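S.K.: Below is the file model_3.csv, with CSV, C-alpha atoms.
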```
chain,number,residue,atom,x,y,z
A,68,MET,CA,-11.2,-12.5,35.5
A,69,ASN,CA,-8.3,-14.7,36.3
A,70,LYS,CA,-8.0,-15.7,32.7
A,71,LEU,CA,-8.0,-12.0,31.7
A,72,VAL,CA,-5.2,-11.2,34.2
A,73,SER,CA,-3.1,-14.1,33.1
A,74,ARG,CA,-3.6,-13.2,29.4
A,75,ALA,CA,-2.5,-9.7,30.1
A,76,LEU,CA,0.5,-11.0,32.0
A,77,LEU,CA,1.4,-13.3,29.1
A,78,ALA,CA,1.0,-10.4,26.7
A,79,ALA,CA,3.3,-8.3,28.8
A,80,LEU,CA,5.9,-11.1,29.1
A,81,GLY,CA,5.6,-11.6,25.3
A,82,ALA,CA,6.3,-7.9,24.7
A,83,VAL,CA,9.4,-8.1,26.9
A,84,ALA,CA,10.6,-11.3,25.2
A,85,CYS,CA,10.0,-9.7,21.8
A,86,ALA,CA,12.0,-6.7,22.6
A,87,THR,CA,15.1,-8.6,23.3
A,88,THR,CA,15.0,-11.4,20.8
A,89,THR,CA,14.6,-11.4,17.0
A,90,GLN,CA,13.9,-14.1,14.6
A,91,ALA,CA,14.1,-17.7,15.8
A,92,GLY,CA,14.9,-16.5,19.3
A,93,THR,CA,18.4,-15.1,18.5
A,94,ALA,CA,19.5,-12.2,20.6
A,95,TYR,CA,19.5,-8.7,18.9
A,96,GLN,CA,23.0,-7.7,18.0
A,97,ASN,CA,23.7,-4.0,18.4
A,98,TRP,CA,25.5,-2.1,15.7
A,99,SER,CA,26.8,1.4,15.2
A,100,VAL,CA,27.5,3.6,12.2
A,101,ASP,CA,30.8,5.2,11.6
A,102,ASN,CA,31.3,7.5,8.6
A,103,TYR,CA,28.3,6.1,6.7
A,104,ALA,CA,29.4,2.5,7.3
A,105,ILE,CA,29.1,-0.4,9.8
A,106,PRO,CA,32.7,-1.7,10.1
A,107,LYS,CA,31.9,-4.6,12.6
A,108,ALA,CA,30.2,-7.7,11.5
A,109,LEU,CA,26.9,-8.2,13.4
A,110,GLY,CA,27.7,-10.4,16.5
A,111,GLY,CA,31.2,-11.0,15.0
A,112,LEU,CA,29.5,-13.5,12.6
A,113,LYS,CA,31.1,-14.7,9.4
A,114,GLY,CA,29.0,-14.5,6.2
A,115,ASP,CA,28.3,-17.3,3.8
A,116,PRO,CA,27.9,-15.9,0.3
A,117,GLU,CA,26.1,-19.0,-1.0
A,118,ASN,CA,23.4,-18.7,1.6
A,119,GLY,CA,23.4,-15.0,1.1
A,120,ARG,CA,22.3,-15.5,-2.6
A,121,LYS,CA,19.5,-17.8,-1.4
A,122,VAL,CA,18.3,-15.2,1.2
A,123,ALA,CA,18.4,-12.5,-1.6
A,124,ILE,CA,16.1,-14.6,-3.8
A,125,ASP,CA,13.7,-15.8,-1.1
A,126,ARG,CA,10.5,-13.7,-1.2
A,127,ALA,CA,9.9,-14.2,2.5
A,128,ARG,CA,13.4,-13.0,3.5
A,129,GLY,CA,15.5,-10.6,1.4
A,130,ASN,CA,13.2,-10.4,-1.6
A,131,CYS,CA,15.9,-8.1,-3.1
A,132,LEU,CA,14.7,-9.0,-6.6
A,133,ALA,CA,11.4,-7.3,-5.9
A,134,CYS,CA,13.2,-4.0,-6.5
A,135,HIS,CA,16.7,-4.7,-7.9
A,136,GLN,CA,18.1,-6.4,-11.0
A,137,MET,CA,20.7,-8.9,-10.0
A,138,PRO,CA,23.0,-11.4,-11.8
A,139,ILE,CA,20.5,-14.2,-10.9
A,140,PRO,CA,19.4,-15.4,-14.4
A,141,GLU,CA,17.3,-18.3,-13.2
A,142,GLU,CA,14.8,-15.9,-11.6
A,143,GLU,CA,12.3,-14.0,-13.8
A,144,PHE,CA,10.9,-10.5,-13.4
A,145,HIS,CA,13.6,-8.6,-11.5
A,146,GLY,CA,12.3,-5.3,-10.2
A,147,THR,CA,13.3,-2.1,-11.9
A,148,LEU,CA,12.7,0.6,-9.3
A,149,ALA,CA,16.0,0.4,-7.5
A,150,PRO,CA,19.6,0.6,-8.8
A,151,PRO,CA,20.9,-2.7,-10.4
A,152,LEU,CA,23.2,-4.6,-8.0
A,153,VAL,CA,25.5,-5.8,-10.7
A,154,GLY,CA,29.0,-4.7,-9.7
A,155,VAL,CA,27.9,-3.4,-6.3
A,156,GLY,CA,30.8,-5.3,-4.7
A,157,SER,CA,33.3,-3.1,-6.4
A,158,ARG,CA,31.4,0.1,-5.7
A,159,TYR,CA,31.2,-0.4,-2.0
A,160,ASP,CA,33.4,-2.1,0.7
A,161,GLU,CA,32.0,-4.6,3.2
A,162,ALA,CA,31.2,-1.9,5.8
A,163,GLN,CA,29.4,0.3,3.4
A,164,LEU,CA,27.4,-2.7,2.1
A,165,ARG,CA,26.5,-3.7,5.7
A,166,VAL,CA,25.0,-0.3,6.6
A,167,ARG,CA,22.8,-0.5,3.4
A,168,ILE,CA,21.4,-3.9,4.4
A,169,VAL,CA,21.1,-3.2,8.1
A,170,ASP,CA,19.4,0.2,7.8
A,171,ILE,CA,19.8,2.1,4.6
A,172,LYS,CA,17.9,5.1,6.1
A,173,GLN,CA,21.2,5.9,7.9
A,174,ILE,CA,22.3,7.0,4.4
A,175,ASN,CA,19.0,8.1,2.8
A,176,PRO,CA,16.3,8.9,5.3
A,177,SER,CA,13.6,8.9,2.6
A,178,SER,CA,14.5,5.5,1.1
A,179,LEU,CA,11.9,2.9,0.2
A,180,MET,CA,14.3,0.1,0.9
A,181,PRO,CA,13.4,-1.9,4.0
A,182,SER,CA,15.8,-1.8,6.9
A,183,PHE,CA,16.6,-5.4,7.3
A,184,TYR,CA,18.1,-5.2,10.8
A,185,LYS,CA,16.5,-2.2,12.5
A,186,HIS,CA,15.7,-2.6,16.2
A,187,PRO,CA,12.1,-3.9,16.3
A,188,ASP,CA,11.2,-1.4,19.0
A,189,LYS,CA,11.8,1.4,16.5
A,190,LEU,CA,9.1,0.1,14.1
A,191,ALA,CA,5.4,1.1,14.3
A,192,HIS,CA,2.2,-0.8,13.5
A,193,VAL,CA,3.9,-4.1,12.7
A,194,SER,CA,1.5,-6.9,11.9
A,195,LYS,CA,1.2,-9.6,14.5
A,196,ASP,CA,3.2,-12.3,12.7
A,197,PHE,CA,6.2,-10.0,12.4
A,198,ALA,CA,6.1,-8.1,15.6
A,199,GLY,CA,9.3,-8.0,17.6
A,200,LYS,CA,11.4,-9.4,14.8
A,201,THR,CA,14.0,-8.1,12.5
A,202,VAL,CA,13.4,-8.8,8.8
A,203,LEU,CA,16.6,-10.9,8.6
A,204,THR,CA,18.6,-12.5,11.3
A,205,ALA,CA,22.1,-11.2,12.0
A,206,GLN,CA,23.6,-14.3,10.3
A,207,GLU,CA,21.4,-13.7,7.2
A,208,VAL,CA,22.6,-10.0,7.0
A,209,GLU,CA,26.2,-11.2,7.1
A,210,ASP,CA,25.4,-13.8,4.5
A,211,VAL,CA,23.9,-11.2,2.1
A,212,VAL,CA,26.8,-8.8,2.7
A,213,ALA,CA,29.3,-11.6,1.8
A,214,TYR,CA,27.2,-12.4,-1.3
A,215,LEU,CA,27.1,-8.8,-2.4
A,216,LYS,CA,30.9,-8.6,-2.0
A,217,THR,CA,31.2,-11.3,-4.7
A,218,LEU,CA,29.3,-9.1,-7.2
A,219,LYS,CA,32.3,-7.5,-8.8
B,1443,MET,CA,33.6,8.9,-5.0
B,1444,LYS,CA,30.5,6.9,-5.2
B,1445,LYS,CA,29.6,5.8,-8.7
B,1446,LEU,CA,26.0,6.7,-9.5
B,1447,THR,CA,24.0,5.2,-12.3
B,1448,LEU,CA,21.7,7.9,-13.5
B,1449,SER,CA,18.4,6.2,-13.3
B,1450,LYS,CA,14.9,7.5,-12.9
B,1451,THR,CA,15.1,6.0,-9.4
B,1452,LEU,CA,18.1,8.0,-8.2
B,1453,ILE,CA,16.7,11.2,-9.7
B,1454,GLY,CA,13.4,10.4,-8.0
B,1455,THR,CA,15.0,9.7,-4.7
B,1456,ALA,CA,17.2,12.8,-4.9
B,1457,LEU,CA,14.1,14.9,-5.8
B,1458,ALA,CA,12.2,13.4,-2.9
B,1459,THR,CA,14.9,14.2,-0.5
B,1460,ALA,CA,15.4,17.7,-1.9
B,1461,LEU,CA,11.8,18.7,-2.0
B,1462,GLY,CA,10.6,17.0,1.1
B,1463,LEU,CA,8.3,14.0,1.3
B,1464,THR,CA,5.1,15.8,0.7
B,1465,THR,CA,5.8,16.6,-2.9
B,1466,LEU,CA,4.1,14.5,-5.5
B,1467,ALA,CA,6.6,13.2,-8.0
B,1468,PHE,CA,4.0,13.1,-10.8
B,1469,ALA,CA,3.0,16.1,-12.9
B,1470,GLU,CA,-0.5,14.8,-13.7
B,1471,PRO,CA,-2.7,12.1,-12.1
B,1472,LYS,CA,-2.9,8.9,-14.2
B,1473,SER,CA,-5.5,6.2,-13.7
B,1474,GLY,CA,-4.4,2.7,-12.9
B,1475,TYR,CA,-6.0,1.8,-16.2
B,1476,GLU,CA,-3.0,3.3,-18.0
B,1477,PHE,CA,-0.7,0.8,-16.3
B,1478,MET,CA,-2.8,-2.3,-17.2
B,1479,LYS,CA,-2.1,-4.7,-20.0
B,1480,ALA,CA,-4.1,-4.2,-23.2
B,1481,GLU,CA,-6.3,-7.3,-22.5
B,1482,THR,CA,-7.2,-6.0,-19.1
B,1483,ARG,CA,-8.2,-2.6,-20.5
B,1484,GLU,CA,-10.3,-4.3,-23.2
B,1485,MET,CA,-12.0,-6.4,-20.6
B,1486,GLN,CA,-12.9,-3.3,-18.6
B,1487,ASP,CA,-14.1,-1.3,-21.6
B,1488,ASP,CA,-16.5,-4.1,-22.8
B,1489,GLU,CA,-19.7,-4.1,-20.7
B,1490,PHE,CA,-20.2,-7.8,-21.6
B,1491,LEU,CA,-16.7,-8.9,-20.7
B,1492,ASN,CA,-16.3,-6.7,-17.6
B,1493,PRO,CA,-16.8,-9.1,-14.7
B,1494,GLY,CA,-17.6,-6.1,-12.5
B,1495,MET,CA,-20.9,-5.6,-14.3
B,1496,ALA,CA,-22.4,-8.5,-12.3
B,1497,ALA,CA,-22.0,-6.3,-9.2
B,1498,VAL,CA,-23.7,-3.4,-10.9
B,1499,GLU,CA,-26.7,-5.7,-11.6
B,1500,LYS,CA,-26.7,-7.2,-8.1
B,1501,GLY,CA,-26.5,-3.6,-6.7
B,1502,ALA,CA,-29.3,-2.5,-8.9
B,1503,GLU,CA,-31.5,-5.3,-7.5
B,1504,MET,CA,-30.6,-4.3,-3.9
B,1505,PHE,CA,-31.3,-0.7,-4.7
B,1506,ASN,CA,-34.9,-1.6,-5.5
B,1507,THR,CA,-35.5,-4.2,-2.8
B,1508,ALA,CA,-37.7,-3.1,0.1
B,1509,GLY,CA,-35.9,-2.6,3.4
B,1510,ALA,CA,-37.3,-3.6,6.8
B,1511,ASN,CA,-39.6,-0.5,6.8
B,1512,GLY,CA,-40.9,-1.2,3.3
B,1513,LYS,CA,-38.9,1.6,1.6
B,1514,THR,CA,-36.4,1.2,-1.2
B,1515,CYS,CA,-33.3,3.2,-2.2
B,1516,GLY,CA,-35.0,3.6,-5.7
B,1517,GLY,CA,-38.1,5.1,-4.0
B,1518,CYS,CA,-36.0,8.2,-3.1
B,1519,HIS,CA,-33.3,8.2,-5.8
B,1520,GLY,CA,-35.1,6.8,-8.8
B,1521,GLU,CA,-35.2,3.1,-9.8
B,1522,GLU,CA,-32.1,3.5,-12.0
B,1523,GLY,CA,-30.6,6.0,-9.5
B,1524,GLU,CA,-31.4,8.8,-12.0
B,1525,GLU,CA,-32.3,11.2,-9.2
B,1526,LEU,CA,-28.7,11.0,-7.9
B,1527,ASP,CA,-26.4,13.9,-8.8
B,1528,ALA,CA,-23.4,12.4,-10.6
B,1529,LYS,CA,-21.4,15.5,-10.0
B,1530,HIS,CA,-22.0,15.2,-6.2
B,1531,LEU,CA,-21.2,11.5,-6.3
B,1532,ALA,CA,-17.8,12.4,-7.6
B,1533,THR,CA,-17.0,14.5,-4.5
B,1534,TYR,CA,-16.9,11.6,-2.0
B,1535,PRO,CA,-15.7,11.4,0.7
B,1536,ALA,CA,-17.9,14.4,1.2
B,1537,PHE,CA,-18.6,16.6,4.3
B,1538,ASP,CA,-21.7,15.8,6.3
B,1539,ALA,CA,-22.6,19.0,8.1
B,1540,LYS,CA,-24.8,17.2,10.7
B,1541,LEU,CA,-22.0,14.8,11.7
B,1542,GLY,CA,-19.3,17.4,11.3
B,1543,LYS,CA,-17.1,15.0,9.4
B,1544,PRO,CA,-16.7,13.5,6.0
B,1545,LEU,CA,-18.4,10.2,4.9
B,1546,THR,CA,-17.1,7.9,2.2
B,1547,LEU,CA,-19.6,7.0,-0.4
B,1548,GLN,CA,-20.0,3.6,1.2
B,1549,GLN,CA,-20.5,5.1,4.6
B,1550,ARG,CA,-23.2,7.3,3.1
B,1551,ILE,CA,-24.9,4.2,1.6
B,1552,LEU,CA,-24.6,2.2,4.8
B,1553,LYS,CA,-26.3,5.1,6.7
B,1554,CYS,CA,-29.2,5.1,4.2
B,1555,TRP,CA,-29.4,1.3,4.6
B,1556,THR,CA,-30.0,1.5,8.3
B,1557,ASP,CA,-31.5,4.9,8.9
B,1558,ASN,CA,-33.8,5.2,5.9
B,1559,LEU,CA,-34.6,1.5,5.1
B,1560,GLY,CA,-34.6,0.3,8.7
B,1561,ASN,CA,-32.2,-2.5,7.9
B,1562,LYS,CA,-29.6,-4.2,10.1
B,1563,PRO,CA,-26.1,-2.7,9.5
B,1564,MET,CA,-23.9,-4.2,6.8
B,1565,LYS,CA,-20.2,-4.8,7.4
B,1566,TYR,CA,-17.9,-2.3,5.7
B,1567,ASP,CA,-16.5,-3.6,2.5
B,1568,SER,CA,-18.7,-6.8,2.7
B,1569,ALA,CA,-19.7,-8.2,-0.7
B,1570,GLU,CA,-23.3,-6.7,-0.4
B,1571,ALA,CA,-22.1,-3.3,0.7
B,1572,LEU,CA,-19.7,-3.3,-2.3
B,1573,ASP,CA,-22.4,-4.4,-4.8
B,1574,LEU,CA,-24.5,-1.4,-3.7
B,1575,GLU,CA,-21.5,1.0,-3.8
B,1576,VAL,CA,-20.5,-0.3,-7.3
B,1577,PHE,CA,-24.0,0.3,-8.6
B,1578,VAL,CA,-24.2,3.8,-7.1
B,1579,ARG,CA,-20.7,4.9,-8.2
B,1580,ASN,CA,-21.4,3.5,-11.6
B,1581,ARG,CA,-24.1,6.2,-11.9
B,1582,ALA,CA,-21.2,8.7,-12.0
B,1583,HIS,CA,-19.2,6.7,-14.6
B,1584,GLY,CA,-17.1,9.2,-16.7
B,1585,GLU,CA,-17.6,12.0,-14.2
B,1586,ALA,CA,-14.4,13.7,-13.0
B,1587,VAL,CA,-13.3,13.0,-9.4
B,1588,ASN,CA,-13.7,16.2,-7.5
B,1589,VAL,CA,-13.0,15.8,-3.8
B,1590,GLN,CA,-13.1,19.0,-1.7
B,1591,THR,CA,-9.8,19.6,0.0
B,1592,ASP,CA,-10.4,23.0,1.6
B,1593,GLY,CA,-13.0,24.5,3.9
B,1594,PRO,CA,-14.4,22.1,6.4
B,1595,MET,CA,-12.7,19.2,4.6
B,1596,LYS,CA,-9.2,20.6,5.2
B,1597,PRO,CA,-8.4,19.0,8.6
B,1598,PHE,CA,-9.6,15.6,7.4
B,1599,TRP,CA,-7.6,15.9,4.1
B,1600,GLU,CA,-4.5,16.9,6.1
B,1601,LYS,CA,-5.0,13.9,8.4
B,1602,GLY,CA,-5.2,11.6,5.4
B,1603,LYS,CA,-2.2,13.1,3.9
B,1604,GLU,CA,-0.3,12.5,7.1
B,1605,ILE,CA,-1.3,8.9,7.2
B,1606,TYR,CA,-0.3,8.5,3.5
B,1607,HIS,CA,3.2,9.7,4.4
B,1608,THR,CA,3.6,7.8,7.7
B,1609,ARG,CA,5.9,4.8,7.7
B,1610,ALA,CA,4.5,1.6,9.2
B,1611,GLY,CA,5.2,-2.1,9.4
B,1612,GLN,CA,8.2,-4.4,9.6
B,1613,LEU,CA,9.3,-3.2,6.1
B,1614,ASP,CA,8.9,0.4,7.4
B,1615,MET,CA,7.2,1.9,4.3
B,1616,SER,CA,4.6,4.5,3.5
B,1617,CYS,CA,2.2,4.9,0.6
B,1618,ASN,CA,3.9,7.8,-1.0
B,1619,LEU,CA,7.2,5.9,-1.4
B,1620,CYS,CA,5.8,3.5,-3.8
B,1621,HIS,CA,3.0,5.4,-5.5
B,1622,ASP,CA,4.5,8.9,-5.7
B,1623,PHE,CA,8.0,8.2,-6.6
B,1624,TYR,CA,8.1,4.9,-8.5
B,1625,SER,CA,5.0,4.7,-10.6
B,1626,GLY,CA,5.7,3.1,-14.0
B,1627,LEU,CA,8.6,1.1,-12.6
B,1628,ASN,CA,8.4,-2.5,-11.6
B,1629,LEU,CA,8.1,-4.1,-8.2
B,1630,ARG,CA,9.1,-7.6,-9.3
B,1631,ALA,CA,6.5,-8.5,-12.0
B,1632,GLN,CA,4.1,-5.7,-11.1
B,1633,THR,CA,4.2,-2.2,-12.6
B,1634,LEU,CA,3.5,0.3,-9.8
B,1635,SER,CA,0.7,2.7,-10.6
B,1636,GLN,CA,0.0,6.0,-8.8
B,1637,GLY,CA,-2.4,4.1,-6.5
B,1638,GLN,CA,-5.4,6.0,-7.7
B,1639,THR,CA,-8.9,5.1,-6.6
B,1640,ASN,CA,-11.0,6.5,-9.5
B,1641,GLY,CA,-11.8,2.9,-10.6
B,1642,PHE,CA,-13.0,1.8,-7.2
B,1643,PRO,CA,-14.7,-0.4,-6.1
B,1644,THR,CA,-12.7,-2.5,-8.6
B,1645,TYR,CA,-12.9,-6.0,-9.9
B,1646,ARG,CA,-9.5,-7.7,-9.3
B,1647,LEU,CA,-8.5,-10.6,-11.4
B,1648,LYS,CA,-6.1,-11.7,-8.7
B,1649,ASN,CA,-8.9,-12.6,-6.2
B,1650,GLY,CA,-11.8,-12.7,-8.6
B,1651,ARG,CA,-14.1,-10.3,-6.8
B,1652,ILE,CA,-15.0,-6.7,-6.1
B,1653,ASN,CA,-12.5,-4.9,-3.9
B,1654,GLY,CA,-13.2,-1.7,-1.9
B,1655,ALA,CA,-10.7,1.1,-1.7
B,1656,GLN,CA,-10.1,0.5,2.0
B,1657,SER,CA,-9.6,-3.2,1.5
B,1658,ARG,CA,-7.0,-2.3,-1.1
B,1659,PHE,CA,-5.3,0.0,1.4
B,1660,SER,CA,-5.2,-2.9,3.9
B,1661,GLY,CA,-3.8,-5.1,1.1
B,1662,CYS,CA,-0.9,-2.7,0.6
B,1663,TYR,CA,-0.4,-2.4,4.4
B,1664,SER,CA,-0.1,-6.1,4.7
B,1665,GLN,CA,2.4,-6.2,1.8
B,1666,PHE,CA,4.8,-4.2,4.0
B,1667,ARG,CA,3.8,-6.2,7.0
B,1668,ALA,CA,1.9,-3.5,8.8
B,1669,ASP,CA,-1.4,-3.6,10.5
B,1670,GLY,CA,-4.0,-1.9,8.4
B,1671,LEU,CA,-6.5,0.6,9.9
B,1672,THR,CA,-10.1,-0.2,10.8
B,1673,LYS,CA,-12.3,-0.4,7.7
B,1674,GLY,CA,-15.1,2.1,7.9
B,1675,GLY,CA,-13.3,4.0,10.7
B,1676,ASP,CA,-12.4,7.7,10.7
B,1677,ASP,CA,-8.7,7.2,9.9
B,1678,TYR,CA,-9.5,5.3,6.7
B,1679,THR,CA,-12.1,7.9,5.7
B,1680,ALA,CA,-9.3,10.5,6.0
B,1681,LEU,CA,-6.9,8.4,4.0
B,1682,GLU,CA,-9.6,7.8,1.3
B,1683,THR,CA,-10.2,11.5,1.3
B,1684,TYR,CA,-6.6,12.3,0.5
B,1685,VAL,CA,-6.1,9.4,-1.9
B,1686,ASN,CA,-9.3,10.1,-3.9
B,1687,SER,CA,-8.3,13.8,-4.0
B,1688,ARG,CA,-4.9,12.9,-5.6
B,1689,GLY,CA,-7.0,11.8,-8.5
B,1690,ASN,CA,-9.1,14.9,-8.8
B,1691,GLY,CA,-9.9,15.3,-12.5
B,1692,LEU,CA,-9.6,11.6,-13.3
B,1693,LYS,CA,-12.7,10.0,-14.7
B,1694,ILE,CA,-14.7,7.6,-12.6
B,1695,GLU,CA,-14.3,4.1,-14.0
B,1696,THR,CA,-16.3,2.0,-11.6
B,1697,PRO,CA,-16.3,-0.9,-12.0
B,1698,SER,CA,-12.7,-1.0,-13.3
B,1699,VAL,CA,-10.8,-4.2,-13.9
B,1700,ARG,CA,-7.3,-4.5,-12.3
B,1701,PHE,CA,-4.8,-7.1,-11.6
```
For the structure just supplied, provide its representation as structure tokens.

M.R.:
Amino acid sequence: MNKLVSRALLAALGAVACATTTQAGTAYQNWSVDNYAIPKALGGLKGDPENGRKVAIDRARGNCLACHQMPIPEEEFHGTLAPPLVGVGSRYDEAQLRVRIVDIKQINPSSLMPSFYKHPDKLAHVSKDFAGKTVLTAQEVEDVVAYLKTLK
Amino acid sequence: MKKLTLSKTLIGTALATALGLTTLAFAEPKSGYEFMKAETREMQDDEFLNPGMAAVEKGAEMFNTAGANGKTCGGCHGEEGEELDAKHLATYPAFDAKLGKPLTLQQRILKCWTDNLGNKPMKYDSAEALDLEVFVRNRAHGEAVNVQTDGPMKPFWEKGKEIYHTRAGQLDMSCNLCHDFYSGLNLRAQTLSQGQTNGFPTYRLKNGRINGAQSRFSGCYSQFRADGLTKGGDDYTALETYVNSRGNGLKIETPSVRF
């Protein structure tokens, strides 16, 4: 009985903790969309393009190559279902790129592309290992945006 | 002005948005077979190379093994299952008037296993349950899938359709997004098919065993980091009803070989 109660309590506490933190315990950074763009960097963070490239390749993080062809010649089998990202840094400015990484459904509600920084409370039926977490951290989002900016 | 590359993708997405999410983006159903490499198709077509044939044999043996009450499946349906109606097998999930809901072919088999043979229940999509299902569905090899979608099946089909189009998981995806809009295009090294089930249960080279349709659904759910539904439960029966019906007209290939 006691055990059950404390387990329930722990679960409830877990849920609260999950709602306010994301990956690696970093606080969720709010964002807002203005004219189909997110002008402000998440948490005012500065992106590192080199790390952004790594995040884009990493299957457990961005996994952008699953769907997009990118100028990353050392990786085989780029996906073909989404638009190639070559030159995407001249098609969009930073704020337009950010909204597409954070939550592309703000632009196209029926998109297949994952929302990499949607509030975890707005997702349903998330498997245990990923519950309460955004796909990328705020820093990783900024890193990817900085990397995409280099794709001229 | 945004520069648009005219790709199949963008057209597909635009269409999807314009027509609403329930529209199928393919004109005709295509079996997963069509998306496999030539070697894989040859392996499926050759009875001696097809690794799924071992399950047909194991299933045949179970079909003629006495249950706890001494009866066998073969006693009612013929030793080779020749008394089974292939046309009716092709309609599963099929409506069970007594239960007032559809049963998948495997649920039907598992009910016979307990109710008519007096055996202990088998777990849904367990290796044994799948061997029996492979044997039984193989009796309808070449028959056209023909799931009823109207009449008493309508609400269950509708429910399955809704699940098929409901986003889930950390990656916030739904079945239709991959299998209705992007079939023929690549997700990394894999070519997306229409996600048809006419070849199920299927032998997968990836894990070297027979895979049930509902286990495949769960596999896709875990790819987008979502909790799958309960195997053998009503929601998966509804989803299987909808997914099987998308392939109405396709020939049953059980046991198919897939990656």

S.K.: Take CA of Pro1697 in chain B and CA of His1530 in chain B and report the distance between them in Å, one decimal.

M.R.: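 We find that CA of Pro1697 in chain B and CA of His1530 in chain B lie 18.0 Å from each other.
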
S.K.: Please indicate the distance in Å from CA of Ala1508 in chain B to CA of Glu1525 in chain B, rounded to one decimal place.

M.R.: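 Distance between the two atoms: 17.9 Å.
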
S.K.: Counting only C-alpha atoms, which residues of chain A sit at most 7 Å from some atom of chain B, and what is each one's closest atom pair with its distance in Å to one decimal, listed by chain and rising residue number, as JSON lines?

M.R.:
```
{"residue": "A:Leu132", "atom": "CA", "partner": "B:Arg1630", "partner_atom": "CA", "distance": 6.4}
{"residue": "A:Ala133", "atom": "CA", "partner": "B:Arg1630", "partner_atom": "CA", "distance": 4.1}
{"residue": "A:Cys134", "atom": "CA", "partner": "B:Leu1629", "partner_atom": "CA", "distance": 5.4}
{"residue": "A:Phe144", "atom": "CA", "partner": "B:Ala1631", "partner_atom": "CA", "distance": 5.0}
{"residue": "A:His145", "atom": "CA", "partner": "B:Arg1630", "partner_atom": "CA", "distance": 5.1}
{"residue": "A:Gly146", "atom": "CA", "partner": "B:Arg1630", "partner_atom": "CA", "distance": 4.0}
{"residue": "A:Thr147", "atom": "CA", "partner": "B:Asn1628", "partner_atom": "CA", "distance": 4.9}
{"residue": "A:Leu148", "atom": "CA", "partner": "B:Leu1627", "partner_atom": "CA", "distance": 5.3}
{"residue": "A:Ala149", "atom": "CA", "partner": "B:Thr1451", "partner_atom": "CA", "distance": 6.0}
{"residue": "A:Arg158", "atom": "CA", "partner": "B:Lys1445", "partner_atom": "CA", "distance": 6.7}
{"residue": "A:Ser177", "atom": "CA", "partner": "B:Thr1459", "partner_atom": "CA", "distance": 6.3}
{"residue": "A:Leu179", "atom": "CA", "partner": "B:Leu1619", "partner_atom": "CA", "distance": 5.8}
{"residue": "A:Pro181", "atom": "CA", "partner": "B:Leu1613", "partner_atom": "CA", "distance": 4.8}
{"residue": "A:Ser182", "atom": "CA", "partner": "B:Leu1613", "partner_atom": "CA", "distance": 6.7}
{"residue": "A:Leu190", "atom": "CA", "partner": "B:Gln1612", "partner_atom": "CA", "distance": 6.4}
{"residue": "A:Ala191", "atom": "CA", "partner": "B:Ala1610", "partner_atom": "CA", "distance": 5.2}
{"residue": "A:His192", "atom": "CA", "partner": "B:Gly1611", "partner_atom": "CA", "distance": 5.2}
{"residue": "A:Val193", "atom": "CA", "partner": "B:Gly1611", "partner_atom": "CA", "distance": 4.1}
{"residue": "A:Ser194", "atom": "CA", "partner": "B:Asp1669", "partner_atom": "CA", "distance": 4.6}
{"residue": "A:Phe197", "atom": "CA", "partner": "B:Gln1612", "partner_atom": "CA", "distance": 6.6}
{"residue": "A:Val202", "atom": "CA", "partner": "B:Gln1612", "partner_atom": "CA", "distance": 6.9}
```

S.K.: Taking into account only C-alpha atoms, which residue in the set A:Lys189, A:Tyr184, A:Val155, A:Val208 is nearest to Asn97 in chain A?

M.R.: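 Ranking A:Lys189, A:Tyr184, A:Val155, A:Val208 by distance to Asn97 in chain A, first place goes to A:Tyr184.
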
S.K.: Have a look at CA of Ile124 in chain A and CA of Met137 in chain A and let me know their distance in Å, one decimal.

M.R.: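 That distance, rounded to one decimal, is 9.6 Å.
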
S.K.: Place a sphere of radius 12 Å on (-15.4, 3.8, 9.9) in the file coordinates and name every protein, DNA or RNA residue with an atom inside or on its surface, counting all atoms listed in the file; give the answer as an MDAnalysis selection string.

M.R.: chainID B and resid 1535 1543:1550 1552:1553 1565:1567 1656 1671:1682

S.K.: Counting only C-alpha atoms, figure out which residue out of B:Asp1622, B:Asn1649, B:Phe1505, B:Arg1579 gets nearest to His1607 in chain B.

M.R.: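 Of all the options, B:Asp1622 lies closest to His1607 in chain B.
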
S.K.: Name all residues at most 9 Å from Arg1646 in chain B (count all atoms listed in the file; drop same-chain ones fewer than 5 positions away) and give them as a list of chain:residue names.

M.R.: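 Skipping anything fewer than 5 positions along the chain leaves B:Gly1494, B:Arg1651, B:Ile1652, B:Asn1653, B:Ser1698, B:Val1699, B:Arg1700, B:Phe1701.
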
S.K.: Under the rule that all atoms listed in the file are counted, which of B:Leu1531, B:Met1478, B:Met1485, B:Leu1559 is the nearest residue to Gly1517 in chain B?

M.R.: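 So, comparing all the options, the nearest one is B:Leu1559.
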
S.K.: Can you fill out range 1697-1701 of chain B with N, CA and C atoms and hand it back as a short mmCIF file (atom, residue, chain, number, x, y, z; two decimals), in the frame of the given file?

M.R.:
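Below is the file that was written, out-v3.cif:
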```cif
data_model
loop_
_atom_site.label_atom_id
_atom_site.label_comp_id
_atom_site.auth_asym_id
_atom_site.auth_seq_id
_atom_site.Cartn_x
_atom_site.Cartn_y
_atom_site.Cartn_z
N PRO B 1697 -17.30 -0.04 -12.59
CA PRO B 1697 -16.30 -0.90 -12.00
C PRO B 1697 -15.11 -1.11 -12.94
N SER B 1698 -13.93 -0.76 -12.45
CA SER B 1698 -12.70 -1.00 -13.30
C SER B 1698 -12.27 -2.41 -13.11
N VAL B 1699 -11.36 -2.83 -13.97
CA VAL B 1699 -10.80 -4.20 -13.90
C VAL B 1699 -9.27 -3.97 -13.65
N ARG B 1700 -8.76 -4.58 -12.60
CA ARG B 1700 -7.30 -4.50 -12.30
C ARG B 1700 -6.76 -5.83 -11.98
N PHE B 1701 -5.45 -5.89 -12.00
CA PHE B 1701 -4.80 -7.10 -11.60
C PHE B 1701 -4.87 -7.24 -10.09
#
```
